[in-house]
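So this one's run.csv, CSV, C-alpha atoms:
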chain,number,residue,atom,x,y,z
T,26,MET,CA,0.0,0.0,0.0
T,27,PRO,CA,1.6,3.3,-1.0
T,28,TRP,CA,2.2,6.0,1.8
T,29,ASP,CA,-0.1,9.0,1.9
T,30,TRP,CA,2.3,11.6,3.1
T,31,ASP,CA,-0.4,14.4,3.4
T,32,LYS,CA,-2.7,12.3,5.7
T,33,LEU,CA,0.3,11.3,7.8
T,34,LYS,CA,1.3,14.9,8.3
T,35,GLN,CA,-2.3,15.8,9.4
T,36,ARG,CA,-2.3,13.0,11.9
T,37,GLN,CA,1.0,14.2,13.4
T,38,GLN,CA,-0.4,17.7,13.7
T,39,GLY,CA,-3.5,16.4,15.4
T,40,ALA,CA,-1.6,14.4,18.0
T,41,GLY,CA,0.7,17.3,18.9
T,42,GLY,CA,-2.0,20.0,19.1
T,43,GLY,CA,-1.0,20.8,22.7
T,44,GLY,CA,2.5,22.0,21.7
T,45,MET,CA,3.9,25.4,20.7
T,46,PRO,CA,2.3,26.9,17.6
T,47,GLN,CA,4.4,27.3,14.6
T,48,MET,CA,5.7,30.7,13.5
T,49,ASP,CA,3.7,30.7,10.3
T,50,GLU,CA,0.5,30.1,12.3
T,51,VAL,CA,1.3,33.1,14.6
T,52,VAL,CA,1.9,35.3,11.6
T,53,GLN,CA,-1.3,34.2,10.0
T,54,LYS,CA,-3.4,35.0,13.1
T,55,PHE,CA,-1.7,38.4,13.5
T,56,LYS,CA,-2.6,39.2,9.9
T,57,GLN,CA,-6.2,38.2,10.6
T,58,PHE,CA,-6.3,40.5,13.7
T,59,ASN,CA,-4.7,43.4,11.8
T,60,LYS,CA,-8.1,44.9,10.8
T,61,PRO,CA,-9.5,48.4,11.5
T,62,GLY,CA,-12.4,47.1,13.7
T,63,ALA,CA,-10.1,45.1,16.0
T,64,TRP,CA,-7.9,48.0,16.8
T,65,ILE,CA,-10.9,50.1,17.7
T,66,ILE,CA,-12.0,47.5,20.2
T,67,VAL,CA,-8.5,47.4,21.7
T,68,LEU,CA,-8.4,51.2,22.1
T,69,ILE,CA,-11.9,51.2,23.7
T,70,VAL,CA,-10.8,48.5,26.2
T,71,ILE,CA,-7.7,50.5,27.0
T,72,ALA,CA,-9.7,53.7,27.4
T,73,VAL,CA,-12.2,52.0,29.7
T,74,TYR,CA,-9.4,50.5,31.9
T,75,LEU,CA,-7.6,53.9,32.2
T,76,GLY,CA,-10.9,55.7,32.9
T,77,SER,CA,-11.9,53.3,35.6
T,78,SER,CA,-8.5,53.5,37.3
T,79,ALA,CA,-8.5,57.3,37.2
T,80,PHE,CA,-11.7,57.8,39.2
T,81,TYR,CA,-12.1,56.6,42.7
T,82,THR,CA,-14.3,57.1,45.8
T,83,VAL,CA,-13.3,57.8,49.4
T,84,GLY,CA,-15.7,56.7,52.1
T,85,VAL,CA,-17.1,59.1,54.8
T,86,ASP,CA,-15.0,57.5,57.6
T,87,GLU,CA,-11.7,57.5,55.7
T,88,VAL,CA,-9.3,59.6,53.7
T,89,GLY,CA,-7.2,58.8,50.6
T,90,VAL,CA,-3.4,59.1,50.6
T,91,VAL,CA,-2.2,59.5,47.0
T,92,GLN,CA,1.3,58.5,45.9
T,93,ARG,CA,2.9,59.3,42.5
T,94,PHE,CA,5.5,56.8,41.5
T,95,GLY,CA,5.7,55.8,45.2
T,96,LYS,CA,6.2,59.3,46.6
T,97,TYR,CA,3.5,60.9,48.7
T,98,THR,CA,1.8,63.8,47.0
T,99,ARG,CA,-1.5,64.6,48.8
T,100,THR,CA,-4.3,63.6,51.1
T,101,VAL,CA,-7.9,63.7,49.8
T,102,GLU,CA,-11.1,64.0,51.8
T,103,PRO,CA,-14.2,61.7,51.4
T,104,GLY,CA,-16.0,61.9,48.0
T,105,LEU,CA,-15.3,61.2,44.3
T,106,HIS,CA,-11.8,62.1,43.1
T,107,PHE,CA,-9.6,61.9,40.0
T,108,LYS,CA,-6.0,60.6,39.8
T,109,LEU,CA,-3.6,59.6,37.1
T,110,PRO,CA,-4.0,56.0,35.9
T,111,THR,CA,-2.7,53.0,37.7
T,112,GLY,CA,1.1,52.7,37.4
T,113,ILE,CA,1.5,56.4,37.9
T,114,GLU,CA,-0.5,57.3,40.9
T,115,LYS,CA,-1.7,55.0,43.7
T,116,VAL,CA,-4.4,55.6,46.3
T,117,THR,CA,-4.3,54.1,49.8
T,118,LYS,CA,-7.5,54.5,51.9
T,119,VAL,CA,-7.1,54.9,55.6
T,120,LYS,CA,-9.9,54.8,58.1
T,121,VAL,CA,-9.5,57.9,60.4
T,122,ARG,CA,-12.8,57.6,62.3
T,123,PHE,CA,-12.7,53.9,63.0
T,124,VAL,CA,-11.6,52.9,66.5
T,125,TYR,CA,-9.1,50.1,66.5
T,126,LYS,CA,-8.5,47.8,69.5
T,127,GLU,CA,-5.5,45.9,70.8
T,128,GLU,CA,-5.8,43.4,73.6
T,129,PHE,CA,-3.1,42.4,76.0
T,130,GLY,CA,-3.1,39.3,78.2
T,131,PHE,CA,-6.2,37.8,76.4
T,132,ARG,CA,-7.9,37.6,73.1
T,133,THR,CA,-11.6,38.0,72.3
T,134,LEU,CA,-13.1,35.1,70.4
T,135,ARG,CA,-16.6,36.4,70.0
T,136,ALA,CA,-18.0,39.7,71.2
T,137,GLY,CA,-21.5,40.0,72.5
T,138,VAL,CA,-23.7,40.0,75.6
T,139,ARG,CA,-21.6,37.0,76.8
T,140,THR,CA,-18.2,37.7,75.4
T,141,GLN,CA,-16.0,34.7,74.9
T,142,TYR,CA,-12.2,35.0,75.5
T,143,ALA,CA,-9.4,32.8,74.4
T,144,ALA,CA,-8.0,30.9,77.4
T,145,ASP,CA,-4.4,30.5,76.2
T,146,LYS,CA,-1.4,30.6,78.5
T,147,ALA,CA,0.6,32.0,75.6
T,148,TYR,CA,-0.9,35.4,76.4
T,149,ASP,CA,0.2,35.3,80.1
T,150,GLY,CA,3.6,36.8,79.2
T,151,GLU,CA,1.9,40.0,78.2
T,152,SER,CA,0.0,40.5,81.5
T,153,LEU,CA,2.5,39.1,84.1
T,154,MET,CA,4.2,42.2,85.6
T,155,LEU,CA,6.4,42.9,88.6
T,156,THR,CA,4.9,45.6,91.0
T,157,GLY,CA,6.8,48.1,93.0
T,158,ASP,CA,6.7,46.0,96.2
T,159,LEU,CA,8.2,43.0,94.4
T,160,ASN,CA,4.9,41.1,93.8
T,161,VAL,CA,3.7,39.5,90.6
T,162,ALA,CA,0.4,40.7,89.2
T,163,VAL,CA,-1.7,39.7,86.2
T,164,VAL,CA,-2.7,42.9,84.5
T,165,PRO,CA,-4.8,42.5,81.3
T,166,TRP,CA,-5.8,45.7,79.4
T,167,ILE,CA,-7.2,47.0,76.2
T,168,VAL,CA,-5.9,49.9,74.1
T,169,GLN,CA,-8.4,51.7,71.8
T,170,TYR,CA,-7.0,54.1,69.3
T,171,ARG,CA,-7.6,55.7,65.9
T,172,VAL,CA,-5.5,57.2,63.1
T,173,LYS,CA,-5.0,61.0,63.5
T,174,ASP,CA,-2.2,61.5,60.9
T,175,PRO,CA,-2.5,59.2,57.8
T,176,TYR,CA,0.9,60.3,56.4
T,177,GLN,CA,2.8,59.3,59.6
T,178,TYR,CA,0.7,56.2,60.0
T,179,LEU,CA,1.7,54.9,56.5
T,180,PHE,CA,5.2,56.2,55.9
T,181,LYS,CA,7.0,57.0,59.2
T,182,VAL,CA,6.9,53.6,60.9
T,183,ARG,CA,7.4,50.2,59.1
T,184,ASN,CA,5.0,48.2,61.3
T,185,VAL,CA,2.7,50.5,63.3
T,186,ARG,CA,0.7,47.8,65.0
T,187,SER,CA,3.8,46.0,66.3
T,188,THR,CA,5.2,49.4,67.5
T,189,LEU,CA,2.0,50.2,69.3
T,190,ARG,CA,1.9,46.9,71.1
T,191,ASP,CA,5.6,47.1,72.1
T,192,LEU,CA,5.2,50.7,73.4
T,193,SER,CA,1.9,49.8,75.2
T,194,GLU,CA,3.5,46.9,77.0
T,195,SER,CA,6.6,48.8,78.0
T,196,THR,CA,4.5,51.8,79.2
T,197,MET,CA,2.1,49.6,81.3
T,198,ARG,CA,5.1,47.8,82.9
T,199,LEU,CA,6.6,51.1,83.8
T,200,VAL,CA,3.4,52.4,85.4
T,201,VAL,CA,2.7,49.2,87.3
T,202,GLY,CA,6.3,49.0,88.4
T,203,ASP,CA,5.8,52.2,90.4
T,204,ARG,CA,2.8,50.9,92.3
T,205,SER,CA,2.2,48.3,95.0
T,206,ILE,CA,0.1,45.2,94.4
T,207,ASN,CA,-2.8,46.7,96.4
T,208,GLU,CA,-2.8,49.8,94.3
T,209,VAL,CA,-2.6,47.8,91.0
T,210,ILE,CA,-5.7,45.9,92.1
T,211,SER,CA,-7.7,48.8,93.6
T,212,LYS,CA,-6.7,51.8,91.5
T,213,ARG,CA,-7.1,50.6,87.9
T,214,GLU,CA,-8.7,53.8,86.6
T,215,GLU,CA,-5.8,55.9,87.9
T,216,ILE,CA,-3.2,53.5,86.4
T,217,ALA,CA,-5.1,53.5,83.1
T,218,ASP,CA,-5.1,57.3,82.9
T,219,GLU,CA,-1.4,57.6,83.7
T,220,ALA,CA,-0.6,54.9,81.2
T,221,ARG,CA,-2.6,56.5,78.4
T,222,ALA,CA,-0.9,59.9,78.8
T,223,LEU,CA,2.5,58.3,78.9
T,224,LEU,CA,1.8,56.0,75.9
T,225,GLN,CA,0.5,59.0,73.8
T,226,THR,CA,3.7,60.8,74.5
T,227,GLU,CA,5.8,57.8,73.3
T,228,LEU,CA,3.6,57.4,70.2
T,229,ASP,CA,4.0,61.1,69.3
T,230,GLU,CA,7.7,60.9,69.6
T,231,ALA,CA,7.8,57.9,67.4
T,232,GLU,CA,5.6,59.7,64.8
T,233,THR,CA,3.2,56.9,64.5
T,234,GLY,CA,0.2,59.1,63.7
T,235,ILE,CA,-1.9,57.3,66.3
T,236,TYR,CA,-4.2,58.9,68.9
T,237,VAL,CA,-5.0,56.7,72.0
T,238,SER,CA,-8.7,57.1,72.8
T,239,THR,CA,-8.8,55.0,76.0
T,240,ILE,CA,-6.9,52.4,77.9
T,241,GLU,CA,-9.3,50.0,79.7
T,242,MET,CA,-7.9,47.9,82.6
T,243,LYS,CA,-9.5,44.5,83.0
T,244,LYS,CA,-9.7,42.6,86.3
T,245,THR,CA,-6.3,42.6,87.8
T,246,ASN,CA,-5.2,39.8,90.2
T,247,VAL,CA,-2.3,37.8,91.3
T,248,PRO,CA,-1.3,34.5,89.5
T,249,VAL,CA,-3.5,31.5,90.2
T,250,PRO,CA,-0.8,29.5,92.2
T,251,VAL,CA,-0.5,32.2,94.8
T,252,GLN,CA,-4.1,33.5,95.0
T,253,SER,CA,-4.9,31.5,98.1
T,254,SER,CA,-1.8,32.8,100.0
T,255,PHE,CA,-2.5,36.3,98.8
T,256,ASN,CA,-6.1,36.0,100.0
T,257,GLU,CA,-4.9,34.9,103.4
T,258,VAL,CA,-2.5,37.9,103.6
T,259,ASN,CA,-5.3,40.2,102.6
T,260,GLN,CA,-7.5,38.7,105.3
T,261,ALA,CA,-4.8,39.2,107.9
T,262,VAL,CA,-4.3,42.8,106.8
T,263,GLN,CA,-8.0,43.4,107.0
T,264,GLU,CA,-8.1,41.9,110.5
T,265,LYS,CA,-5.2,44.1,111.5
T,266,GLU,CA,-6.9,47.2,110.1
T,267,ARG,CA,-10.2,46.2,111.9
T,268,MET,CA,-8.4,45.9,115.2
T,269,ILE,CA,-6.7,49.2,114.7
T,270,TYR,CA,-10.0,50.9,113.9
T,271,GLN,CA,-11.6,49.4,117.0
T,272,ALA,CA,-8.7,50.6,119.1
T,273,ARG,CA,-9.0,54.0,117.6
T,274,GLU,CA,-12.7,54.0,118.3
T,275,GLU,CA,-12.2,53.2,121.9
T,276,TYR,CA,-9.4,55.8,122.1
T,277,ASN,CA,-11.7,58.4,120.5
T,278,LYS,CA,-14.4,57.6,123.1
T,279,ALA,CA,-12.1,57.5,126.2
T,280,ILE,CA,-9.7,60.3,125.5
T,281,PRO,CA,-12.2,63.0,124.7
T,282,ALA,CA,-14.3,62.0,127.8
T,283,ALA,CA,-11.2,62.2,130.0
T,284,LYS,CA,-10.2,65.5,128.5
T,285,GLY,CA,-13.8,66.8,129.1
T,286,ASN,CA,-13.8,65.6,132.7
T,287,ALA,CA,-10.4,67.2,133.3
T,288,GLU,CA,-11.5,70.4,131.7
T,289,LYS,CA,-14.7,70.4,133.8
T,290,THR,CA,-12.7,69.8,137.0
T,291,ILE,CA,-10.3,72.6,136.1
T,292,LYS,CA,-13.1,75.0,135.4
T,293,SER,CA,-14.9,74.1,138.6
T,294,ALA,CA,-11.7,74.7,140.6
T,295,GLU,CA,-11.1,77.9,138.8
T,296,GLY,CA,-14.7,79.0,139.6
T,297,TYR,CA,-14.4,77.9,143.2
T,298,ALA,CA,-11.2,79.8,143.5
T,299,LEU,CA,-12.7,82.9,141.9
T,300,ASP,CA,-15.7,82.6,144.2
T,301,ARG,CA,-13.6,82.3,147.4
T,302,VAL,CA,-11.4,85.2,146.3
T,303,ASN,CA,-14.4,87.4,145.6
T,304,ARG,CA,-16.0,86.5,148.8
T,305,ALA,CA,-12.8,87.2,150.7
T,306,LYS,CA,-12.5,90.5,149.0
T,307,GLY,CA,-16.1,91.3,149.8
T,308,ASP,CA,-15.7,90.3,153.4
T,309,ALA,CA,-12.6,92.4,153.7
T,310,SER,CA,-14.3,95.4,152.1
T,311,ARG,CA,-17.3,94.9,154.4
T,312,PHE,CA,-15.1,94.6,157.5
T,313,SER,CA,-13.1,97.7,156.5
T,314,ALA,CA,-16.3,99.6,156.0
T,315,GLN,CA,-17.6,98.4,159.4
T,316,PHE,CA,-14.3,99.3,161.0
T,317,LYS,CA,-14.5,102.8,159.7
T,318,GLU,CA,-18.0,103.2,161.1
T,319,TYR,CA,-17.0,101.6,164.4
T,320,ALA,CA,-14.2,104.1,164.7
T,321,LYS,CA,-16.6,106.9,164.2
T,322,ALA,CA,-19.2,105.6,166.8
T,323,LYS,CA,-18.2,102.6,168.8
T,324,ASP,CA,-21.2,102.2,171.0
T,325,VAL,CA,-23.7,102.6,168.2
T,326,THR,CA,-21.9,100.3,165.9
T,327,ARG,CA,-21.4,97.6,168.6
T,328,ARG,CA,-25.1,97.7,169.4
T,329,ARG,CA,-26.1,97.5,165.8
T,330,LEU,CA,-23.8,94.5,165.2
T,331,TYR,CA,-25.3,92.8,168.2
T,332,LEU,CA,-28.9,93.4,167.1
T,333,GLU,CA,-28.1,92.2,163.6
T,334,ALA,CA,-26.5,89.0,165.0
T,335,LEU,CA,-29.6,88.3,167.1
T,336,LYS,CA,-31.8,89.0,164.1
T,337,ASP,CA,-30.0,86.3,162.2
T,338,LEU,CA,-29.8,83.9,165.1
T,339,PHE,CA,-33.3,83.9,166.6
T,340,PRO,CA,-35.1,82.5,163.5
T,341,LYS,CA,-32.8,79.5,163.7
T,342,LEU,CA,-33.4,78.7,167.3
T,343,GLY,CA,-36.9,77.4,166.9
T,344,LYS,CA,-39.2,77.7,170.0
T,345,LYS,CA,-38.2,80.2,172.6
T,346,TYR,CA,-39.4,80.2,176.3
T,347,ILE,CA,-38.9,83.2,178.5
T,348,ILE,CA,-38.6,82.2,182.2
T,349,ASP,CA,-38.8,84.4,185.2
T,350,GLU,CA,-35.4,84.6,186.8
T,351,ASP,CA,-37.0,84.2,190.2
T,352,GLN,CA,-38.4,80.8,189.2
T,353,LYS,CA,-36.8,78.2,191.3
T,354,ASN,CA,-39.0,75.1,191.0
T,355,VAL,CA,-38.5,73.1,187.8
T,356,LEU,CA,-41.8,71.3,188.0
T,357,PRO,CA,-43.7,73.8,185.8
T,358,LEU,CA,-41.0,73.3,183.2
T,359,LEU,CA,-41.5,69.6,182.7
T,360,ASN,CA,-44.6,69.8,180.5
T,361,LEU,CA,-43.2,72.5,178.2
T,362,GLY,CA,-43.8,71.6,174.5
T,363,GLN,CA,-46.5,69.0,175.2
T,364,GLU,CA,-49.4,71.4,175.4
T,365,ARG,CA,-49.5,72.0,171.7
T,366,GLY,CA,-49.4,68.3,171.0
T,367,ALA,CA,-52.3,67.7,173.4
T,368,GLN,CA,-54.3,70.4,171.7
T,369,LYS,CA,-53.9,68.7,168.3

Kindly present the structure from the file in structure tokens form.
Amino acid sequence: MPWDWDKLKQRQQGAGGGGMPQMDEVVQKFKQFNKPGAWIIVLIVIAVYLGSSAFYTVGVDEVGVVQRFGKYTRTVEPGLHFKLPTGIEKVTKVKVRFVYKEEFGFRTLRAGVRTQYAADKAYDGESLMLTGDLNVAVVPWIVQYRVKDPYQYLFKVRNVRSTLRDLSESTMRLVVGDRSINEVISKREEIADEARALLQTELDEAETGIYVSTIEMKKTNVPVPVQSSFNEVNQAVQEKERMIYQAREEYNKAIPAAKGNAEKTIKSAEGYALDRVNRAKGDASRFSAQFKEYAKAKDVTRRRLYLEALKDLFPKLGKKYIIDEDQKNVLPLLNLGQERGAQK
């Protein structure tokens, strides 16, 4: 049977259809594409692509940072804007009103009415801190922040989030290191305010473009292995304070009363002394006056003094009986004082 070279060539081309096309085929297809209508379509596609990349929209809660060949040129506000096509200018949108959150010592799995947190010991290293009185405390906290300077946020620091976390942790350790364990547990708001001010200063010096809204301190405590011992120490301290308060209460009751009684005694003595002095002065003045009158008229003054003495004395004597000096029999005197009782 003679060979059909044309059919054999077609079979080989069919079996190797997945290979590289031949040069003549490429040239043939290019010649078919080289028509006026095809070029118009290509130009329309290019124009649509360039037009779509030249217009962009910035949301109400964000701003657009425009770069030209990688260099910062401007910051645009929310709305529809125009830029040069892609490859020349690039727009990066930054949310400036959104409040971001960084958690330390824990992670939130699902937020809601009953928020679930990740119980992972890998986060304990963030919250374990040494206090000023050489105790170990577990201090979890949250940093809430927003972007105040998009230019610094994008271009001044390579990794803003990592820088924020490092500065937050160092700041919190610095603040906690100046407090006792009791202050760390009871004065969380004061510590949070101090840490926020110090952290904001550090972020401004680093030119991160971040504004710290709040720092929220979660429940602080001591590590679990020493909680029982710490509670016993707290109970002993509370018992000590209770006994001190009771002693102070008794002291406040007894000492003022004793001071009052002493003051009362002193005032009474002073009053008595003043009374005796005044009476003595009065008696001395009265005696001096009487002596002057006595010197003027001795008989009259002596008689007047005698009568005044009897006037004061007779009312105090009670019943008085006048007996005749010639009476020598005592029998009539036996029934004196009984007559009135018999009449009653």

Dump as a tab-separated table the rows for residues of region 161-199 of chain T within 9 Å of region 124-128 of chain T: closest atom pair and distance in Å with one decimal, all atoms listed in the file counted, ordered by chain and rising residue number.
residue	atom	partner	partner_atom	distance
T:Pro165	CA	T:Glu128	CA	7.8
T:Trp166	CA	T:Glu128	CA	6.2
T:Ile167	CA	T:Glu128	CA	4.7
T:Val168	CA	T:Glu127	CA	5.2
T:Gln169	CA	T:Lys126	CA	4.5
T:Tyr170	CA	T:Tyr125	CA	5.3
T:Arg171	CA	T:Val124	CA	4.9
T:Val172	CA	T:Val124	CA	8.2
T:Arg186	CA	T:Glu127	CA	8.7
T:Leu189	CA	T:Glu127	CA	8.8
T:Arg190	CA	T:Glu127	CA	7.5

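Candidate residues T:His106, T:Lys115, T:Arg183, T:Arg122 were compared for distance to Arg93 (chain T), and the nearest is T:Lys115, using all atoms listed in the file.
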
Give the answer as one residue: which of T:Val163, T:Tyr97, T:Val258, T:Leu223 has the shortest atom-to-atom distance to Lys181 (chain T), using only C-alpha atoms?
T:Tyr97

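Taking all atoms listed in the file into account, Tyr178 (chain T) lies nearest to T:Leu228 out of the set T:Val164, T:Leu228, T:Ala287, T:Val209.
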
Please measure the separation of CA of Ser187 (chain T) and CA of Val237 (chain T), giving the value in Å to one decimal.
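Answer for the CA of Ser187 (chain T) to CA of Val237 (chain T) separation: 15.0 Å.
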